[in-house]
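Here the structure comes first, spelled out in structure tokens, and everything after it is commentary.
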Amino acid sequence: MTFADISNSPATGASAKASVFVDGASGTTGLGIRERLSLQSGVVEKSIAEEKRKDAGAKRALMEEVDLVILCLPDDAAKETVALIDSMGASAPKILDASTAFRVASDWAYGFPELAPDQADKIRAARKVSNPGCYPTGAIALLRPLVDAGLLPADYPVTVNAVSGYSGGGKSMIASFENGTAPAFELYGLGFEHKHVPEMQLYSRLAHRPIFVPSVGNYRQGMLVSVPLQLDTLPGKPGGADLHAALAKRYAGSRYVSVMPLDNEAAKSGRIEPEALNETNRLELYVFASDKHRQAVLVARLDNLGKGASGAAVQNMRLMLGLADA
């Protein structure tokens, strides 16, 4: 794995390397971050001895020495560590949290740099940044530009369907697929309480909770997020080209987000698979539309472990540390 799409340019005008501590580095996201960090110039990772991992004093001492702490912990543990960092005063490092604990907190910057024209600057200036969820990354990337452009009303009854590889489901799900006890495919989150819905609604600027139907397939990683639309129910009855133009305008010049042409190969074949962007920090957005039937399906493709997790974290880390080409 090279992860060559994440810049490793040195800090602008800096000679000393920034220091980073990854707290919870044994999980899927943490391991992915550490692997990417090993390829980054301008950054040095500091770690704590395994026997001292739960020693609050040793952990605090280490965090006082670093510029940034990346939290890859369960929500409750993340909250405890943030409270500890907040108590450190002037010696407190910046925080990048990969849990869901602070994603809709008003005093945290949301770590999707492409969210709005000024979002990258907000991340650069922030002391606390929440790394987005994988599913919301795709959904928000599709929806927010259309809401901002007035093409999609904030109160539209949005449905988001998605499929991910099993690596996003945690250790027990990974084990069940890798030992052959899991089904080939399944829907989940059918209790309407999926933890990604609040951020999906907030940052898409939706007035109502979207109906979110996630699923998992029997492959390791890669994700498709789709949003179906009845075009004649939208203001002005836009066509697929109008939706595409709004997305293209928002992401023009983006390094990691690409709006694919309307006549792309997937449109020609009528098929799209989820694994093409694995091991990258890229996000591809598609508009599939029928003028005849006045229907469209918006699709986002990404690596749930890349732009959906570890890749996004390294992108945000570089912004927070003032490193070039984030």
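Residue numbering restarts at 1 for every chain of the structure tokens, chains are lettered A, B, ... in their displayed order, and ligands are numbered from 1 as they appear.
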Subject >> Spatial neighbours of Ser172 in chain A, max dist 12 Å, only C-alpha atoms, sep filter under 4 positions, as a list in words >> reply: Gly27, Thr28, Tyr166, Ser167, Gly168, Ser176, Phe177, Glu178, Asn179, Thr181 and Ala182 of chain A
Could you please take those selected residues and save N, CA and C atoms as an mmCIF file, in the first residue's frame?
```cif
data_model
loop_
_atom_site.group_PDB
_atom_site.id
_atom_site.type_symbol
_atom_site.label_atom_id
_atom_site.label_comp_id
_atom_site.auth_asym_id
_atom_site.auth_seq_id
_atom_site.Cartn_x
_atom_site.Cartn_y
_atom_site.Cartn_z
ATOM 1 N N GLY A 27 -6.919 -0.470 16.349
ATOM 2 C CA GLY A 27 -8.127 -0.713 15.569
ATOM 3 C C GLY A 27 -7.900 -0.461 14.086
ATOM 4 N N THR A 28 -8.916 -0.728 13.268
ATOM 5 C CA THR A 28 -8.786 -0.604 11.819
ATOM 6 C C THR A 28 -8.401 0.809 11.405
ATOM 7 N N TYR A 166 -16.943 -5.048 4.680
ATOM 8 C CA TYR A 166 -17.113 -5.404 6.100
ATOM 9 C C TYR A 166 -16.071 -4.803 7.032
ATOM 10 N N SER A 167 -14.994 -4.221 6.488
ATOM 11 C CA SER A 167 -13.946 -3.670 7.352
ATOM 12 C C SER A 167 -14.429 -2.488 8.176
ATOM 13 N N GLY A 168 -15.547 -1.871 7.779
ATOM 14 C CA GLY A 168 -16.059 -0.745 8.531
ATOM 15 C C GLY A 168 -16.900 -1.128 9.723
ATOM 16 N N SER A 176 -16.496 -12.265 11.632
ATOM 17 C CA SER A 176 -17.576 -13.104 11.122
ATOM 18 C C SER A 176 -17.484 -13.287 9.612
ATOM 19 N N PHE A 177 -17.043 -12.264 8.913
ATOM 20 C CA PHE A 177 -16.894 -12.406 7.460
ATOM 21 C C PHE A 177 -15.657 -13.219 7.116
ATOM 22 N N GLU A 178 -14.575 -12.982 7.859
ATOM 23 C CA GLU A 178 -13.340 -13.679 7.518
ATOM 24 C C GLU A 178 -13.340 -15.138 7.940
ATOM 25 N N ASN A 179 -14.199 -15.512 8.908
ATOM 26 C CA ASN A 179 -14.278 -16.942 9.266
ATOM 27 C C ASN A 179 -15.439 -17.639 8.573
ATOM 28 N N THR A 181 -18.764 -17.079 8.662
ATOM 29 C CA THR A 181 -20.067 -17.245 9.325
ATOM 30 C C THR A 181 -21.053 -16.141 8.981
ATOM 31 N N ALA A 182 -20.597 -15.082 8.327
ATOM 32 C CA ALA A 182 -21.481 -13.962 7.976
ATOM 33 C C ALA A 182 -22.211 -14.244 6.666
#
```
Closest atom pairs, range 90-208 of chain A residues within 10 Å of range 272-283 of chain A, only C-alpha atoms, as CSV:
```
residue,atom,partner,partner_atom,distance
A:Thr137,CA,A:Leu283,CA,8.8
A:Gly138,CA,A:Leu283,CA,7.7
A:Ala141,CA,A:Leu283,CA,8.9
A:Val163,CA,A:Pro274,CA,8.1
A:Ser164,CA,A:Pro274,CA,7.8
A:Gly165,CA,A:Pro274,CA,8.4
```
What does the file look like for those residues with C-alpha atoms, as a tab-separated table (two decimals), in the first residue's frame?
```tsv
chain	number	residue	atom	x	y	z
A	137	THR	CA	-18.81	11.66	3.71
A	138	GLY	CA	-20.48	10.32	0.58
A	141	ALA	CA	-20.75	15.43	-0.57
A	163	VAL	CA	-23.19	-0.53	0.84
A	164	SER	CA	-19.78	-0.95	2.47
A	165	GLY	CA	-17.16	-3.61	2.77
```
Selection near range 234-238 of chain A, 8 Å with only C-alpha atoms, sequence-local residues under 5 positions removed, as a compact mmCIF listing (two decimals) with N, CA, C and O atoms, in the first residue's frame:
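And here is the file that came out, out10.txt:
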```
# COMPACT_ATOMS: atom_id res chain seq x y z
N GLY A 150 -30.07 25.52 -3.99
CA GLY A 150 -31.51 25.64 -4.09
C GLY A 150 -32.16 24.61 -5.00
O GLY A 150 -33.36 24.69 -5.28
N LEU A 151 -31.38 23.63 -5.44
CA LEU A 151 -31.92 22.58 -6.31
C LEU A 151 -32.65 21.50 -5.51
O LEU A 151 -33.54 20.83 -6.04
N LEU A 152 -32.25 21.34 -4.26
CA LEU A 152 -32.86 20.35 -3.37
C LEU A 152 -33.38 21.08 -2.14
O LEU A 152 -32.58 21.64 -1.38
N PRO A 153 -34.68 21.10 -1.91
CA PRO A 153 -35.21 21.79 -0.73
C PRO A 153 -34.71 21.15 0.56
O PRO A 153 -34.53 19.92 0.64
N LEU A 243 -28.03 19.13 -11.93
CA LEU A 243 -27.48 18.58 -10.70
C LEU A 243 -25.97 18.42 -10.84
O LEU A 243 -25.19 18.76 -9.92
```
**OP:** Select from range 9-125 of chain A everything DSSP, run on the backbone, classes as strand (DSSP E), then give the selection as a list in words.
**Re:** Ala18, Ser19, Val20, Phe21, Val22, Asp23, Val43, Val44, Glu45, Lys46, Leu68, Val69, Ile70, Leu71, Lys94, Ile95, Leu96, Asp97, Ala109 and Tyr110 of chain A
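If you measure from each of A:Val158, A:Met320, A:Ala49, A:Tyr219 to Pro93 in chain A using only C-alpha atoms, the closest one turns out to be A:Met320.
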Which residues are near range 295-302 of chain A? Cut-off 8 Å, only C-alpha atoms, ignore same chain within fewer than 2 positions. Put them as a compact mmCIF listing (two decimals) with C-alpha atoms, in the first residue's frame.
```txt
# COMPACT_ATOMS: atom_id res chain seq x y z
CA GLY A 138 -20.48 10.32 0.58
CA ALA A 139 -23.99 11.50 1.41
CA ALA A 141 -20.75 15.43 -0.57
CA LEU A 142 -23.75 14.71 -2.81
CA GLY A 222 -14.95 0.04 -0.66
CA MET A 223 -18.24 1.91 -0.48
CA LEU A 224 -21.10 3.19 -2.61
CA VAL A 225 -23.55 5.78 -1.24
CA SER A 226 -26.62 6.57 -3.37
CA VAL A 227 -29.48 9.07 -3.25
CA PRO A 228 -32.51 8.58 -5.56
CA LEU A 229 -34.43 11.63 -6.75
CA GLN A 230 -37.71 12.21 -8.59
CA LEU A 231 -36.70 15.24 -10.66
CA ASP A 232 -40.20 16.62 -11.18
CA GLY A 240 -29.42 15.63 -14.53
CA PRO A 274 -17.43 -0.20 -4.92
CA GLU A 275 -13.75 -1.16 -4.80
CA LEU A 277 -10.84 3.64 -5.04
CA ASN A 278 -9.49 1.31 -2.37
CA ASN A 281 -8.16 9.25 -0.26
CA ARG A 282 -10.27 9.92 -3.33
CA LEU A 283 -14.03 10.43 -3.57
CA GLU A 284 -15.89 10.16 -6.87
CA LEU A 285 -19.36 11.64 -7.39
CA TYR A 286 -21.73 10.51 -10.13
CA VAL A 287 -25.06 11.71 -11.48
CA PHE A 288 -27.04 9.02 -13.29
CA ALA A 289 -30.18 10.58 -14.80
CA SER A 290 -33.01 9.76 -17.19
CA ASP A 291 -34.62 12.67 -19.00
CA HIS A 293 -38.35 9.10 -16.86
CA ASN A 304 -14.48 3.44 3.67
CA GLY A 306 -9.54 5.92 3.06
CA LYS A 307 -11.57 9.09 2.50
CA GLY A 308 -14.08 7.47 4.85
```
**OP:** Kindly indicate which residue among A:Glu114, A:Asp303, A:Asp86, A:Glu193 lies nearest to Gln315 in chain A, using only C-alpha atoms for the distances.
**Re:** A:Glu114
Subject >> Residues within 7 Å of range 59-72 of chain A, only C-alpha atoms, excluding chain neighbours under 2 positions, as a list in words >> reply: Ala18, Ser19, Val20, Phe21, Val22, Asp23, Gly24, Ala25, Thr29, Gly30, Arg53, Asp55, Ala56, Gly57, Ala78, Ser91, Ala92, Pro93, Lys94, Ile95, Leu96, Asp97, Ala98 and Ser99 of chain A
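CA of Phe212 in chain A is positioned 24.4 Å from CA of Leu73 in chain A.
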**OP:** Determine the nearest neighbour of Thr81 in chain A from the options A:Met200, A:Ala101, A:Leu319, A:Ala309, counting only C-alpha atoms.
**Re:** A:Ala101
Original post:
Got a sec: who's within 12 Å of Tyr188 in chain A, counting only C-alpha atoms, leaving out chain neighbours fewer than 4 positions off, as a ChimeraX atom specification?
Top reply: /A:161-164,169,192-194,212-217
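For the residues A:Pro74, A:Pro132, A:Gly253, A:Gly270, ranking by smallest atom-to-atom distance to Tyr203 in chain A using only C-alpha atoms places A:Pro132 first.
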**OP:** Would you please give, as number ranges by chain, all residues of range 152-283 of chain A that DSSP assigns to alpha helix (DSSP H) based on the backbone?
**Re:** A: 170-178, 197-204, 240-250, 265-269
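Using only C-alpha atoms, the shortest contact distance between Val104 in chain A and any of A:Gly191, A:Pro198, A:Gly42, A:Pro117 is found at A:Pro198.
Rounded to one decimal, CA of Val44 in chain A and CA of Arg220 in chain A lie 29.4 Å from each other.
Counting only C-alpha atoms, the residue from A:Tyr110, A:Phe102, A:Tyr156, A:Tyr256 that sits nearest to Asp75 in chain A is A:Phe102.
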